[in-house]
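Enquirer: Supplied structure: input27.cif, mmCIF, C-alpha atoms.
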data_protein
loop_
_atom_site.group_PDB
_atom_site.id
_atom_site.type_symbol
_atom_site.label_atom_id
_atom_site.label_comp_id
_atom_site.auth_asym_id
_atom_site.auth_seq_id
_atom_site.Cartn_x
_atom_site.Cartn_y
_atom_site.Cartn_z
ATOM 1 C CA MET A 29 109.324 71.433 89.797
ATOM 2 C CA LYS A 30 109.594 74.456 87.512
ATOM 3 C CA ILE A 31 110.399 77.864 88.994
ATOM 4 C CA TYR A 32 106.998 79.293 88.117
ATOM 5 C CA ASP A 33 105.248 76.261 89.611
ATOM 6 C CA ALA A 34 107.151 76.828 92.868
ATOM 7 C CA TYR A 35 105.950 80.430 92.833
ATOM 8 C CA ARG A 36 102.353 79.318 92.321
ATOM 9 C CA LEU A 37 102.661 76.739 95.082
ATOM 10 C CA GLY A 38 103.717 79.488 97.494
ATOM 11 C CA ILE A 39 100.824 81.759 96.513
ATOM 12 C CA GLU A 40 98.250 78.970 96.687
ATOM 13 C CA ALA A 41 99.520 77.786 100.081
ATOM 14 C CA GLY A 42 98.937 81.284 101.415
ATOM 15 C CA MET A 43 95.454 81.380 99.898
ATOM 16 C CA THR A 44 94.408 78.396 102.018
ATOM 17 C CA ARG A 45 95.399 80.365 105.146
ATOM 18 C CA ASP A 46 93.560 83.573 104.213
ATOM 19 C CA LEU A 47 91.487 84.917 107.121
ATOM 20 C CA ARG A 48 88.618 85.785 104.795
ATOM 21 C CA PRO A 49 85.951 83.292 103.723
ATOM 22 C CA LYS A 50 86.907 81.331 100.605
ATOM 23 C CA SER A 51 83.881 82.838 98.872
ATOM 24 C CA GLU A 52 85.278 86.347 99.379
ATOM 25 C CA VAL A 53 88.685 85.390 97.981
ATOM 26 C CA GLN A 54 86.966 83.781 95.008
ATOM 27 C CA ARG A 55 84.897 86.942 94.510
ATOM 28 C CA ILE A 56 88.110 88.954 94.144
ATOM 29 C CA LEU A 57 89.195 86.641 91.321
ATOM 30 C CA SER A 58 85.757 86.710 89.697
ATOM 31 C CA ASP A 59 85.699 90.513 89.797
ATOM 32 C CA ALA A 60 89.119 90.591 88.136
ATOM 33 C CA LYS A 61 87.859 88.342 85.360
ATOM 34 C CA GLU A 62 84.857 90.617 84.784
ATOM 35 C CA ARG A 63 87.111 93.690 84.650
ATOM 36 C CA TYR A 64 89.340 92.006 82.095
ATOM 37 C CA GLU A 65 86.500 90.845 79.882
ATOM 38 C CA SER A 66 84.896 94.292 79.899
ATOM 39 C CA LEU A 67 88.050 96.049 78.696
ATOM 40 C CA PRO A 68 88.292 97.221 75.076
ATOM 41 C CA GLU A 69 90.797 95.223 73.045
ATOM 42 C CA GLY A 70 93.350 98.004 73.097
ATOM 43 C CA GLN A 71 93.419 97.962 76.913
ATOM 44 C CA LYS A 72 93.597 94.210 77.551
ATOM 45 C CA GLU A 73 97.329 94.069 76.903
ATOM 46 C CA LEU A 74 97.850 96.395 79.898
ATOM 47 C CA PHE A 75 95.865 94.210 82.280
ATOM 48 C CA ASP A 76 97.788 92.285 84.970
ATOM 49 C CA MET A 77 96.865 88.731 83.982
ATOM 50 C CA GLU A 78 97.990 87.348 87.341
ATOM 51 C CA ASP A 79 94.898 89.011 88.828
ATOM 52 C CA LEU A 80 92.896 86.172 87.269
ATOM 53 C CA TRP A 81 94.315 83.551 89.657
ATOM 54 C CA ASN A 82 96.354 85.423 92.292
ATOM 55 C CA PRO A 83 94.294 87.581 94.715
ATOM 56 C CA TYR A 84 97.387 89.207 96.257
ATOM 57 C CA ALA A 85 98.514 92.327 94.425
ATOM 58 C CA ASP A 86 101.628 92.438 96.613
ATOM 59 C CA SER A 87 103.005 89.149 95.243
ATOM 60 C CA ARG A 88 104.087 88.992 91.626
ATOM 61 C CA PHE A 89 106.546 87.491 89.144
ATOM 62 C CA SER A 90 108.438 90.583 87.976
ATOM 63 C CA VAL A 91 111.226 89.260 85.718
ATOM 64 C CA GLY A 92 111.549 86.169 83.524
ATOM 65 C CA MET A 93 108.105 84.652 84.021
ATOM 66 C CA GLU A 94 107.925 82.809 80.694
ATOM 67 C CA LYS A 95 111.468 81.531 81.080
ATOM 68 C CA ALA A 96 110.622 80.382 84.617
ATOM 69 C CA LYS A 97 107.866 78.130 83.262
ATOM 70 C CA GLU A 98 110.553 76.070 81.509
ATOM 71 C CA LEU A 99 113.418 76.156 84.016
ATOM 72 C CA ASP A 100 113.762 73.741 86.943
ATOM 73 C CA ALA A 101 113.752 75.124 90.477
ATOM 74 C CA VAL A 102 116.700 73.451 92.167
ATOM 75 C CA ARG A 103 118.397 76.231 94.144
ATOM 76 C CA LEU A 104 116.740 79.579 94.847
ATOM 77 C CA MET A 105 117.899 82.655 96.788
ATOM 78 C CA TRP A 106 115.317 84.324 99.064
ATOM 79 C CA GLY A 107 115.684 87.569 101.016
ATOM 80 C CA ILE A 108 113.232 89.665 103.005
ATOM 81 C CA ASP A 109 114.239 92.730 100.963
ATOM 82 C CA ILE A 110 115.847 92.440 97.543
ATOM 83 C CA SER A 111 117.652 95.465 96.133
ATOM 84 C CA SER A 112 120.067 95.834 93.243
ATOM 85 C CA ALA A 113 122.824 94.757 95.661
ATOM 86 C CA GLU A 114 121.247 91.342 96.250
ATOM 87 C CA VAL A 115 120.708 90.845 92.524
ATOM 88 C CA LEU A 116 124.388 91.593 91.932
ATOM 89 C CA LEU A 117 125.245 89.206 94.779
ATOM 90 C CA ALA A 118 123.298 86.447 93.035
ATOM 91 C CA ASP A 119 125.145 87.152 89.800
ATOM 92 C CA ARG A 120 128.489 87.110 91.632
ATOM 93 C CA LEU A 121 127.679 83.757 93.232
ATOM 94 C CA ARG A 122 126.821 82.406 89.793
ATOM 95 C CA GLU A 123 130.192 83.638 88.539
ATOM 96 C CA LYS A 124 131.817 81.672 91.356
ATOM 97 C CA GLY A 125 130.101 78.506 90.140
ATOM 98 C CA GLU A 126 127.125 78.327 92.502
ATOM 99 C CA ARG A 127 123.756 77.371 91.106
ATOM 100 C CA LEU A 128 121.010 79.988 91.652
ATOM 101 C CA ASP A 129 117.951 79.536 89.466
ATOM 102 C CA ALA A 130 115.954 82.551 90.662
ATOM 103 C CA ILE A 131 115.789 85.321 93.235
ATOM 104 C CA ILE A 132 112.821 85.764 95.566
ATOM 105 C CA ALA A 133 111.933 88.789 97.651
ATOM 106 C CA HIS A 134 109.461 88.804 100.505
ATOM 107 C CA HIS A 135 108.607 92.497 100.470
ATOM 108 C CA PRO A 136 107.025 93.908 97.296
ATOM 109 C CA LEU A 137 109.138 95.151 94.422
ATOM 110 C CA GLY A 138 108.768 95.486 90.666
ATOM 111 C CA SER A 139 105.251 94.584 89.524
ATOM 112 C CA SER A 140 103.939 94.273 93.093
ATOM 113 C CA LYS A 141 105.280 97.501 94.602
ATOM 114 C CA THR A 142 102.743 100.208 93.774
ATOM 115 C CA ARG A 143 99.646 98.034 94.260
ATOM 116 C CA PHE A 144 100.665 96.267 97.452
ATOM 117 C CA PRO A 145 98.342 98.260 99.779
ATOM 118 C CA GLU A 146 95.365 96.501 98.168
ATOM 119 C CA VAL A 147 96.058 93.471 100.399
ATOM 120 C CA MET A 148 95.335 95.592 103.465
ATOM 121 C CA MET A 149 91.663 94.675 103.074
ATOM 122 C CA GLN A 150 92.576 91.355 104.700
ATOM 123 C CA MET A 151 92.660 93.244 107.994
ATOM 124 C CA THR A 152 88.884 93.679 107.906
ATOM 125 C CA ALA A 153 88.512 89.953 108.626
ATOM 126 C CA MET A 154 91.090 90.197 111.405
ATOM 127 C CA PHE A 155 89.204 93.057 113.081
ATOM 128 C CA GLN A 156 85.836 91.353 112.664
ATOM 129 C CA ASN A 157 87.242 88.193 114.259
ATOM 130 C CA MET A 158 88.128 90.361 117.261
ATOM 131 C CA GLY A 159 84.597 91.745 117.506
ATOM 132 C CA VAL A 160 84.805 95.009 115.553
ATOM 133 C CA PRO A 161 81.563 95.569 113.573
ATOM 134 C CA GLU A 162 81.896 94.878 109.837
ATOM 135 C CA GLU A 163 81.143 98.420 108.667
ATOM 136 C CA LYS A 164 83.558 99.946 111.177
ATOM 137 C CA ALA A 165 86.286 97.468 110.229
ATOM 138 C CA TYR A 166 85.863 98.311 106.535
ATOM 139 C CA GLU A 167 85.941 102.061 107.195
ATOM 140 C CA LEU A 168 89.137 101.840 109.258
ATOM 141 C CA VAL A 169 90.972 99.710 106.690
ATOM 142 C CA LYS A 170 89.723 101.546 103.574
ATOM 143 C CA ASN A 171 90.856 104.950 104.843
ATOM 144 C CA ARG A 172 94.303 103.636 105.767
ATOM 145 C CA MET A 173 94.625 101.696 102.487
ATOM 146 C CA ASP A 174 93.868 104.795 100.421
ATOM 147 C CA GLU A 175 96.481 106.742 102.397
ATOM 148 C CA VAL A 176 99.165 104.111 101.762
ATOM 149 C CA LEU A 177 98.228 103.783 98.077
ATOM 150 C CA ARG A 178 98.770 107.518 97.628
ATOM 151 C CA GLY A 179 102.170 107.209 99.236
ATOM 152 C CA MET A 180 103.278 104.478 96.820
ATOM 153 C CA GLN A 181 103.132 106.591 93.684
ATOM 154 C CA GLY A 182 106.616 108.079 93.978
ATOM 155 C CA TYR A 183 108.616 104.855 94.280
ATOM 156 C CA ASN A 184 111.281 103.699 91.824
ATOM 157 C CA TYR A 185 109.484 100.336 91.796
ATOM 158 C CA ASN A 186 111.564 98.621 89.090
ATOM 159 C CA GLN A 187 115.075 99.426 90.307
ATOM 160 C CA ALA A 188 116.036 95.903 91.408
ATOM 161 C CA ALA A 189 113.849 94.320 88.727
ATOM 162 C CA ASP A 190 115.740 96.174 85.996
ATOM 163 C CA VAL A 191 119.040 94.812 87.289
ATOM 164 C CA ALA A 192 117.636 91.270 87.336
ATOM 165 C CA ARG A 193 116.325 91.742 83.793
ATOM 166 C CA MET A 194 119.724 92.944 82.516
ATOM 167 C CA LEU A 195 121.430 89.963 84.174
ATOM 168 C CA ASP A 196 118.713 87.564 82.967
ATOM 169 C CA ILE A 197 117.831 86.251 86.435
ATOM 170 C CA PRO A 198 114.193 85.350 87.168
ATOM 171 C CA LEU A 199 112.793 87.466 90.009
ATOM 172 C CA PHE A 200 109.539 87.264 91.950
ATOM 173 C CA ASN A 201 108.215 88.020 95.415
ATOM 174 C CA ILE A 202 105.771 86.404 97.834
ATOM 175 C CA HIS A 203 104.433 88.727 100.536
ATOM 176 C CA ALA A 204 100.821 88.322 101.740
ATOM 177 C CA PRO A 205 100.774 84.512 101.296
ATOM 178 C CA ALA A 206 103.838 84.146 103.541
ATOM 179 C CA ASP A 207 102.317 86.577 106.047
ATOM 180 C CA ASN A 208 99.155 84.460 106.025
ATOM 181 C CA MET A 209 101.298 81.453 106.908
ATOM 182 C CA VAL A 210 102.897 83.137 109.936
ATOM 183 C CA GLU A 211 99.535 84.620 110.997
ATOM 184 C CA GLU A 212 98.041 81.128 111.252
ATOM 185 C CA PHE A 213 101.215 79.843 112.937
ATOM 186 C CA MET A 214 101.193 82.585 115.597
ATOM 187 C CA VAL A 215 97.456 82.329 116.271
ATOM 188 C CA ASN A 216 97.811 78.587 116.824
ATOM 189 C CA LYS A 217 100.852 79.177 119.064
ATOM 190 C CA ILE A 218 98.859 81.561 121.290
ATOM 191 C CA LYS A 219 95.974 79.088 121.463
ATOM 192 C CA GLU A 220 98.323 76.244 122.368
ATOM 193 C CA ASP A 221 100.452 78.057 124.958
ATOM 194 C CA GLN A 222 97.573 80.026 126.563
ATOM 195 C CA PRO A 223 99.758 82.876 127.892
ATOM 196 C CA GLU A 224 98.400 84.688 130.944
ATOM 197 C CA THR A 225 100.897 87.567 131.139
ATOM 198 C CA LEU A 226 102.889 89.590 128.613
ATOM 199 C CA GLN A 227 106.041 87.793 129.763
ATOM 200 C CA ASP A 228 104.329 84.504 128.929
ATOM 201 C CA ILE A 229 103.910 85.771 125.352
ATOM 202 C CA ILE A 230 107.620 86.619 125.156
ATOM 203 C CA ASP A 231 108.511 83.182 126.538
ATOM 204 C CA SER A 232 106.248 81.550 123.942
ATOM 205 C CA LEU A 233 107.817 83.501 121.088
ATOM 206 C CA MET A 234 111.308 82.651 122.270
ATOM 207 C CA LYS A 235 110.653 78.960 121.683
ATOM 208 C CA GLU A 236 110.982 79.590 117.939
ATOM 209 C CA PRO A 237 114.438 79.371 116.313
ATOM 210 C CA GLU A 238 113.841 82.515 114.239
ATOM 211 C CA GLN A 239 113.210 84.589 117.370
ATOM 212 C CA ARG A 240 116.178 83.038 119.155
ATOM 213 C CA MET A 241 118.430 83.896 116.222
ATOM 214 C CA ALA A 242 117.113 87.463 116.265
ATOM 215 C CA ALA A 243 117.847 87.638 119.991
ATOM 216 C CA LYS A 244 121.452 86.622 119.278
ATOM 217 C CA CYS A 245 121.578 89.631 116.949
ATOM 218 C CA ASN A 246 120.267 91.893 119.757
ATOM 219 C CA SER A 247 116.757 92.082 118.289
ATOM 220 C CA PRO A 248 114.589 89.876 120.541
ATOM 221 C CA PRO A 249 110.803 90.103 120.930
ATOM 222 C CA ILE A 250 109.956 92.916 123.351
ATOM 223 C CA ILE A 251 107.069 94.416 125.281
ATOM 224 C CA LEU A 252 106.578 97.865 123.763
ATOM 225 C CA ALA A 253 103.611 98.968 125.886
ATOM 226 C CA GLY A 254 102.780 97.291 129.194
ATOM 227 C CA ASN A 255 104.709 95.424 131.872
ATOM 228 C CA PRO A 256 105.876 91.785 131.935
ATOM 229 C CA SER A 257 103.454 90.908 134.748
ATOM 230 C CA ASP A 258 100.412 92.527 133.080
ATOM 231 C CA GLU A 259 97.604 90.146 132.159
ATOM 232 C CA CYS A 260 97.192 89.543 128.421
ATOM 233 C CA GLY A 261 93.422 89.559 128.325
ATOM 234 C CA LYS A 262 92.017 89.196 124.820
ATOM 235 C CA ILE A 263 94.935 88.844 122.372
ATOM 236 C CA MET A 264 94.971 89.866 118.714
ATOM 237 C CA VAL A 265 97.755 88.569 116.478
ATOM 238 C CA LYS A 266 98.582 90.930 113.603
ATOM 239 C CA MET A 267 101.013 89.423 111.106
ATOM 240 C CA ASN A 268 99.365 90.140 107.764
ATOM 241 C CA GLY A 269 97.634 93.036 106.040
ATOM 242 C CA GLY A 270 100.680 94.439 104.277
ATOM 243 C CA THR A 271 101.490 97.260 106.693
ATOM 244 C CA SER A 272 100.343 98.880 109.927
ATOM 245 C CA PHE A 273 96.765 99.953 110.515
ATOM 246 C CA SER A 274 95.711 103.479 111.528
ATOM 247 C CA LYS A 275 96.063 104.960 115.022
ATOM 248 C CA GLU A 276 92.288 105.285 115.201
ATOM 249 C CA THR A 277 91.981 101.494 115.129
ATOM 250 C CA TYR A 278 93.133 101.075 118.741
ATOM 251 C CA ALA A 279 89.992 102.675 120.145
ATOM 252 C CA ALA A 280 87.796 100.347 118.060
ATOM 253 C CA LEU A 281 89.788 97.291 119.137
ATOM 254 C CA ALA A 282 89.627 98.319 122.792
ATOM 255 C CA GLU A 283 85.875 98.727 122.491
ATOM 256 C CA ALA A 284 85.750 95.170 121.114
ATOM 257 C CA GLY A 285 87.599 93.940 124.205
ATOM 258 C CA VAL A 286 91.125 93.530 122.803
ATOM 259 C CA LYS A 287 93.707 93.977 125.562
ATOM 260 C CA THR A 288 96.964 92.896 123.877
ATOM 261 C CA ILE A 289 98.263 92.988 120.288
ATOM 262 C CA VAL A 290 101.170 90.866 119.069
ATOM 263 C CA ALA A 291 102.627 92.276 115.847
ATOM 264 C CA MET A 292 105.890 92.298 113.927
ATOM 265 C CA HIS A 293 106.420 96.040 114.529
ATOM 266 C CA TYR A 294 104.549 99.306 115.167
ATOM 267 C CA PRO A 295 105.054 102.903 114.022
ATOM 268 C CA ASP A 296 106.302 105.042 116.890
ATOM 269 C CA SER A 297 103.205 107.216 116.569
ATOM 270 C CA HIS A 298 101.069 104.227 117.658
ATOM 271 C CA PHE A 299 102.634 104.013 121.125
ATOM 272 C CA ASP A 300 100.570 106.812 122.684
ATOM 273 C CA ALA A 301 97.375 105.761 120.868
ATOM 274 C CA ALA A 302 97.665 102.225 122.226
ATOM 275 C CA LYS A 303 98.375 103.403 125.780
ATOM 276 C CA GLU A 304 95.412 105.775 125.647
ATOM 277 C CA ALA A 305 93.192 102.869 124.563
ATOM 278 C CA GLY A 306 94.606 100.660 127.332
ATOM 279 C CA ILE A 307 96.094 98.140 124.909
ATOM 280 C CA ASN A 308 99.387 96.315 125.493
ATOM 281 C CA LEU A 309 101.798 96.027 122.567
ATOM 282 C CA VAL A 310 104.188 93.112 122.037
ATOM 283 C CA ILE A 311 106.708 93.145 119.184
ATOM 284 C CA SER A 312 107.343 89.656 117.837
ATOM 285 C CA GLY A 313 110.140 90.960 115.589
ATOM 286 C CA HIS A 314 109.963 91.926 111.935
ATOM 287 C CA MET A 315 112.712 89.939 110.247
ATOM 288 C CA CYS A 316 112.243 86.877 112.458
ATOM 289 C CA SER A 317 108.439 86.811 112.092
ATOM 290 C CA ASP A 318 108.664 87.307 108.335
ATOM 291 C CA SER A 319 111.213 84.503 108.326
ATOM 292 C CA ILE A 320 108.708 82.109 109.922
ATOM 293 C CA GLY A 321 106.194 82.709 107.128
ATOM 294 C CA VAL A 322 108.878 82.377 104.464
ATOM 295 C CA ASN A 323 110.228 79.204 106.115
ATOM 296 C CA LEU A 324 106.800 77.583 106.055
ATOM 297 C CA ILE A 325 106.715 78.048 102.273
ATOM 298 C CA CYS A 326 110.327 76.899 101.952
ATOM 299 C CA ASP A 327 109.350 73.745 103.840
ATOM 300 C CA LEU A 328 106.813 72.973 101.099
ATOM 301 C CA TRP A 329 109.499 73.524 98.478
ATOM 302 C CA GLU A 330 111.975 71.396 100.420
ATOM 303 C CA LYS A 331 109.592 68.461 100.040
ATOM 304 C CA GLU A 332 109.827 69.028 96.271
ATOM 305 C CA GLY A 333 113.630 68.898 96.375
ATOM 306 C CA ILE A 334 114.172 72.667 96.219
ATOM 307 C CA GLU A 335 117.011 74.226 98.232
ATOM 308 C CA VAL A 336 116.685 77.834 99.399
ATOM 309 C CA ILE A 337 119.695 80.040 100.126
ATOM 310 C CA PRO A 338 118.718 82.715 102.688
ATOM 311 C CA CYS A 339 119.901 86.315 102.510
ATOM 312 C CA SER A 340 118.903 89.883 103.390
ATOM 313 C CA GLY A 341 117.307 89.314 106.791
ATOM 314 C CA PHE A 342 115.849 85.861 106.135
ATOM 315 C CA THR A 343 117.020 83.062 108.436
ATOM 316 C CA ARG A 344 116.295 79.537 107.203
ATOM 317 C CA PHE A 345 115.009 76.943 109.662
ATOM 318 C CA SER A 346 113.219 73.836 108.434
ATOM 319 C CA ARG A 347 110.249 72.397 110.301
ATOM 320 C CA ASN A 348 110.078 69.263 108.148
#
Give the structure from this file in structure tokens form.
Expert:
Amino acid sequence: MKIYDAYRLGIEAGMTRDLRPKSEVQRILSDAKERYESLPEGQKELFDMEDLWNPYADSRFSVGMEKAKELDAVRLMWGIDISSAEVLLADRLREKGERLDAIIAHHPLGSSKTRFPEVMMQMTAMFQNMGVPEEKAYELVKNRMDEVLRGMQGYNYNQAADVARMLDIPLFNIHAPADNMVEEFMVNKIKEDQPETLQDIIDSLMKEPEQRMAAKCNSPPIILAGNPSDECGKIMVKMNGGTSFSKETYAALAEAGVKTIVAMHYPDSHFDAAKEAGINLVISGHMCSDSIGVNLICDLWEKEGIEVIPCSGFTRFSRN
């Protein structure tokens, strides 16, 4: 399998796990095609052509895309966060004789950095599934998305990508698709284990090797708001959507009957808002939960004969 084909496989696997109806995902692609076709010729060269097939603005091939369409994917290096340091690490490993065909980041960088908040609209489906009215769900997500988009404009988005370009190492990232994978995984886990208390949720999470490894590093899943013996009630799993939602969302979720949220992490400012709304908060762990989503894509690659070297917060466990 070529490097670029492996990248596409990861994106497309995540598309099949999108919470939104397939028709809505297809509409995003159709709208992108219309935008492209309506552009004057002088503007078409600036258009992000990946928008025509990839609905996730937070997942892009940033360096060496054309080269990656010709090169075999045999051994790749994947980290949750890739900085210039990890790119230099890859180059150093190559110098020592190790094969590394490309570098993959989970979190956005390069071409995906400034636009990544666009994927937050996925949370509207999550909220609607919990019982929040459609218009209210859209309002909550749109306001928060616009806030995060404004905050992205000052980033040095190409720092690591420039290093990869100078060292001629293909670089891409897969964010929302991997988060879609772990979202489905965690939702199914809750359905299967049927936890009754918050401690039951912790016990369920601790069955996974990623969470157990995190616990060995003193970062286990924890109950942030609530007590171990508290009943779970209606549980919402929040693994995708790019980043955290707004504080105002807790009141809407409580009104919809949500009693407990399981998420990778929460801003500290959300603690009081959740308690005021009467919602329990469980932290599944950021690096370990991201690792589950990444591992599920790596498992698909493993079946194609691709080896993945983990780094930068990613712990590799195969479920094949």
Enquirer: Run through the PyMOL selection byres ((chain A and resi 346) around 9) on the given coordinates and return the selected residues as a count of residues only.
Expert: 9
Enquirer: Could the centre and edge lengths of an axis-aligned box, enclosing all atoms of stretch 276-290 of chain A in the file with 4 Å extra on each side, be given in Å to one decimal as JSON?
Expert:
{"center_x": 93.5, "center_y": 98.1, "center_z": 120.3, "size_x": 23.4, "size_y": 22.4, "size_z": 18.4}
Enquirer: Here's the selection I'm unsure about, the PyMOL selection byres ((chain A and resi 253) around 8); applied to the file above, which residues does it give, as a VMD selection string?
Expert: chain A and resid 251 to 252 254 to 255 299 302 to 303 307 to 310
Enquirer: List, as an mmCIF file with C-alpha atoms, keeping the file's coordinate frame, every residue that the PyMOL selection byres ((chain A and resi 112-120) around 9) selects in the file provided.
Expert:
data_model
loop_
_atom_site.group_PDB
_atom_site.id
_atom_site.type_symbol
_atom_site.label_atom_id
_atom_site.label_comp_id
_atom_site.auth_asym_id
_atom_site.auth_seq_id
_atom_site.Cartn_x
_atom_site.Cartn_y
_atom_site.Cartn_z
ATOM 1 C CA MET A 105 117.899 82.655 96.788
ATOM 2 C CA GLY A 107 115.684 87.569 101.016
ATOM 3 C CA ASP A 109 114.239 92.730 100.963
ATOM 4 C CA ILE A 110 115.847 92.440 97.543
ATOM 5 C CA SER A 111 117.652 95.465 96.133
ATOM 6 C CA LEU A 121 127.679 83.757 93.232
ATOM 7 C CA ARG A 122 126.821 82.406 89.793
ATOM 8 C CA GLU A 123 130.192 83.638 88.539
ATOM 9 C CA LYS A 124 131.817 81.672 91.356
ATOM 10 C CA GLY A 125 130.101 78.506 90.140
ATOM 11 C CA GLU A 126 127.125 78.327 92.502
ATOM 12 C CA LEU A 128 121.010 79.988 91.652
ATOM 13 C CA ALA A 130 115.954 82.551 90.662
ATOM 14 C CA ILE A 131 115.789 85.321 93.235
ATOM 15 C CA GLN A 187 115.075 99.426 90.307
ATOM 16 C CA ALA A 188 116.036 95.903 91.408
ATOM 17 C CA ALA A 189 113.849 94.320 88.727
ATOM 18 C CA ASP A 190 115.740 96.174 85.996
ATOM 19 C CA VAL A 191 119.040 94.812 87.289
ATOM 20 C CA ALA A 192 117.636 91.270 87.336
ATOM 21 C CA LEU A 195 121.430 89.963 84.174
ATOM 22 C CA ILE A 197 117.831 86.251 86.435
ATOM 23 C CA LEU A 199 112.793 87.466 90.009
ATOM 24 C CA CYS A 339 119.901 86.315 102.510
ATOM 25 C CA SER A 340 118.903 89.883 103.390
#
Enquirer: Taking (113.0, 70.1, 97.6) in the file's coordinates, which residues come within 12 Å, counting all atoms listed in the file, written as an mmCIF file with C-alpha atoms, in the coordinates of the input?
Expert:
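Wrote out20.cif, looks like this:
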data_model
loop_
_atom_site.group_PDB
_atom_site.id
_atom_site.type_symbol
_atom_site.label_atom_id
_atom_site.label_comp_id
_atom_site.auth_asym_id
_atom_site.auth_seq_id
_atom_site.Cartn_x
_atom_site.Cartn_y
_atom_site.Cartn_z
ATOM 1 C CA MET A 29 109.324 71.433 89.797
ATOM 2 C CA LYS A 30 109.594 74.456 87.512
ATOM 3 C CA ILE A 31 110.399 77.864 88.994
ATOM 4 C CA ALA A 34 107.151 76.828 92.868
ATOM 5 C CA ASP A 100 113.762 73.741 86.943
ATOM 6 C CA ALA A 101 113.752 75.124 90.477
ATOM 7 C CA VAL A 102 116.700 73.451 92.167
ATOM 8 C CA ARG A 103 118.397 76.231 94.144
ATOM 9 C CA LEU A 104 116.740 79.579 94.847
ATOM 10 C CA ILE A 325 106.715 78.048 102.273
ATOM 11 C CA CYS A 326 110.327 76.899 101.952
ATOM 12 C CA ASP A 327 109.350 73.745 103.840
ATOM 13 C CA LEU A 328 106.813 72.973 101.099
ATOM 14 C CA TRP A 329 109.499 73.524 98.478
ATOM 15 C CA GLU A 330 111.975 71.396 100.420
ATOM 16 C CA LYS A 331 109.592 68.461 100.040
ATOM 17 C CA GLU A 332 109.827 69.028 96.271
ATOM 18 C CA GLY A 333 113.630 68.898 96.375
ATOM 19 C CA ILE A 334 114.172 72.667 96.219
ATOM 20 C CA GLU A 335 117.011 74.226 98.232
ATOM 21 C CA VAL A 336 116.685 77.834 99.399
ATOM 22 C CA SER A 346 113.219 73.836 108.434
ATOM 23 C CA ASN A 348 110.078 69.263 108.148
#
Enquirer: Got a sec: who's within 10 Å of A:Met214, counting only C-alpha atoms, leaving out chain neighbours fewer than 6 positions off, as a CSV table (one decimal) with C-alpha atoms, in the coordinates of the input?
Expert:
chain,number,residue,atom,x,y,z
A,208,ASN,CA,99.2,84.5,106.0
A,220,GLU,CA,98.3,76.2,122.4
A,232,SER,CA,106.2,81.6,123.9
A,233,LEU,CA,107.8,83.5,121.1
A,265,VAL,CA,97.8,88.6,116.5
A,266,LYS,CA,98.6,90.9,113.6
A,267,MET,CA,101.0,89.4,111.1
A,290,VAL,CA,101.2,90.9,119.1
A,291,ALA,CA,102.6,92.3,115.8
A,312,SER,CA,107.3,89.7,117.8
A,317,SER,CA,108.4,86.8,112.1
A,320,ILE,CA,108.7,82.1,109.9
A,321,GLY,CA,106.2,82.7,107.1
Enquirer: Up to 12 Å from (97.6, 105.2, 118.3) in the file's coordinates: name the residues, counting only C-alpha atoms, as an mmCIF file with C-alpha atoms, in the frame of the given file.
Expert:
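The resulting file, result-v6.cif, is reproduced below:
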data_model
loop_
_atom_site.group_PDB
_atom_site.id
_atom_site.type_symbol
_atom_site.label_atom_id
_atom_site.label_comp_id
_atom_site.auth_asym_id
_atom_site.auth_seq_id
_atom_site.Cartn_x
_atom_site.Cartn_y
_atom_site.Cartn_z
ATOM 1 C CA ALA A 253 103.611 98.968 125.886
ATOM 2 C CA SER A 272 100.343 98.880 109.927
ATOM 3 C CA PHE A 273 96.765 99.953 110.515
ATOM 4 C CA SER A 274 95.711 103.479 111.528
ATOM 5 C CA LYS A 275 96.063 104.960 115.022
ATOM 6 C CA GLU A 276 92.288 105.285 115.201
ATOM 7 C CA THR A 277 91.981 101.494 115.129
ATOM 8 C CA TYR A 278 93.133 101.075 118.741
ATOM 9 C CA ALA A 279 89.992 102.675 120.145
ATOM 10 C CA ALA A 280 87.796 100.347 118.060
ATOM 11 C CA LEU A 281 89.788 97.291 119.137
ATOM 12 C CA ALA A 282 89.627 98.319 122.792
ATOM 13 C CA TYR A 294 104.549 99.306 115.167
ATOM 14 C CA PRO A 295 105.054 102.903 114.022
ATOM 15 C CA ASP A 296 106.302 105.042 116.890
ATOM 16 C CA SER A 297 103.205 107.216 116.569
ATOM 17 C CA HIS A 298 101.069 104.227 117.658
ATOM 18 C CA PHE A 299 102.634 104.013 121.125
ATOM 19 C CA ASP A 300 100.570 106.812 122.684
ATOM 20 C CA ALA A 301 97.375 105.761 120.868
ATOM 21 C CA ALA A 302 97.665 102.225 122.226
ATOM 22 C CA LYS A 303 98.375 103.403 125.780
ATOM 23 C CA GLU A 304 95.412 105.775 125.647
ATOM 24 C CA ALA A 305 93.192 102.869 124.563
ATOM 25 C CA GLY A 306 94.606 100.660 127.332
ATOM 26 C CA ILE A 307 96.094 98.140 124.909
ATOM 27 C CA ASN A 308 99.387 96.315 125.493
ATOM 28 C CA LEU A 309 101.798 96.027 122.567
#
Enquirer: Rank A:Gln181, A:Val322, A:Pro223, A:Ile218 by their smallest atom-to-atom distance to A:Cys260, using all atoms listed in the file, and report the top residue only.
Expert: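 Closest candidate: A:Pro223.
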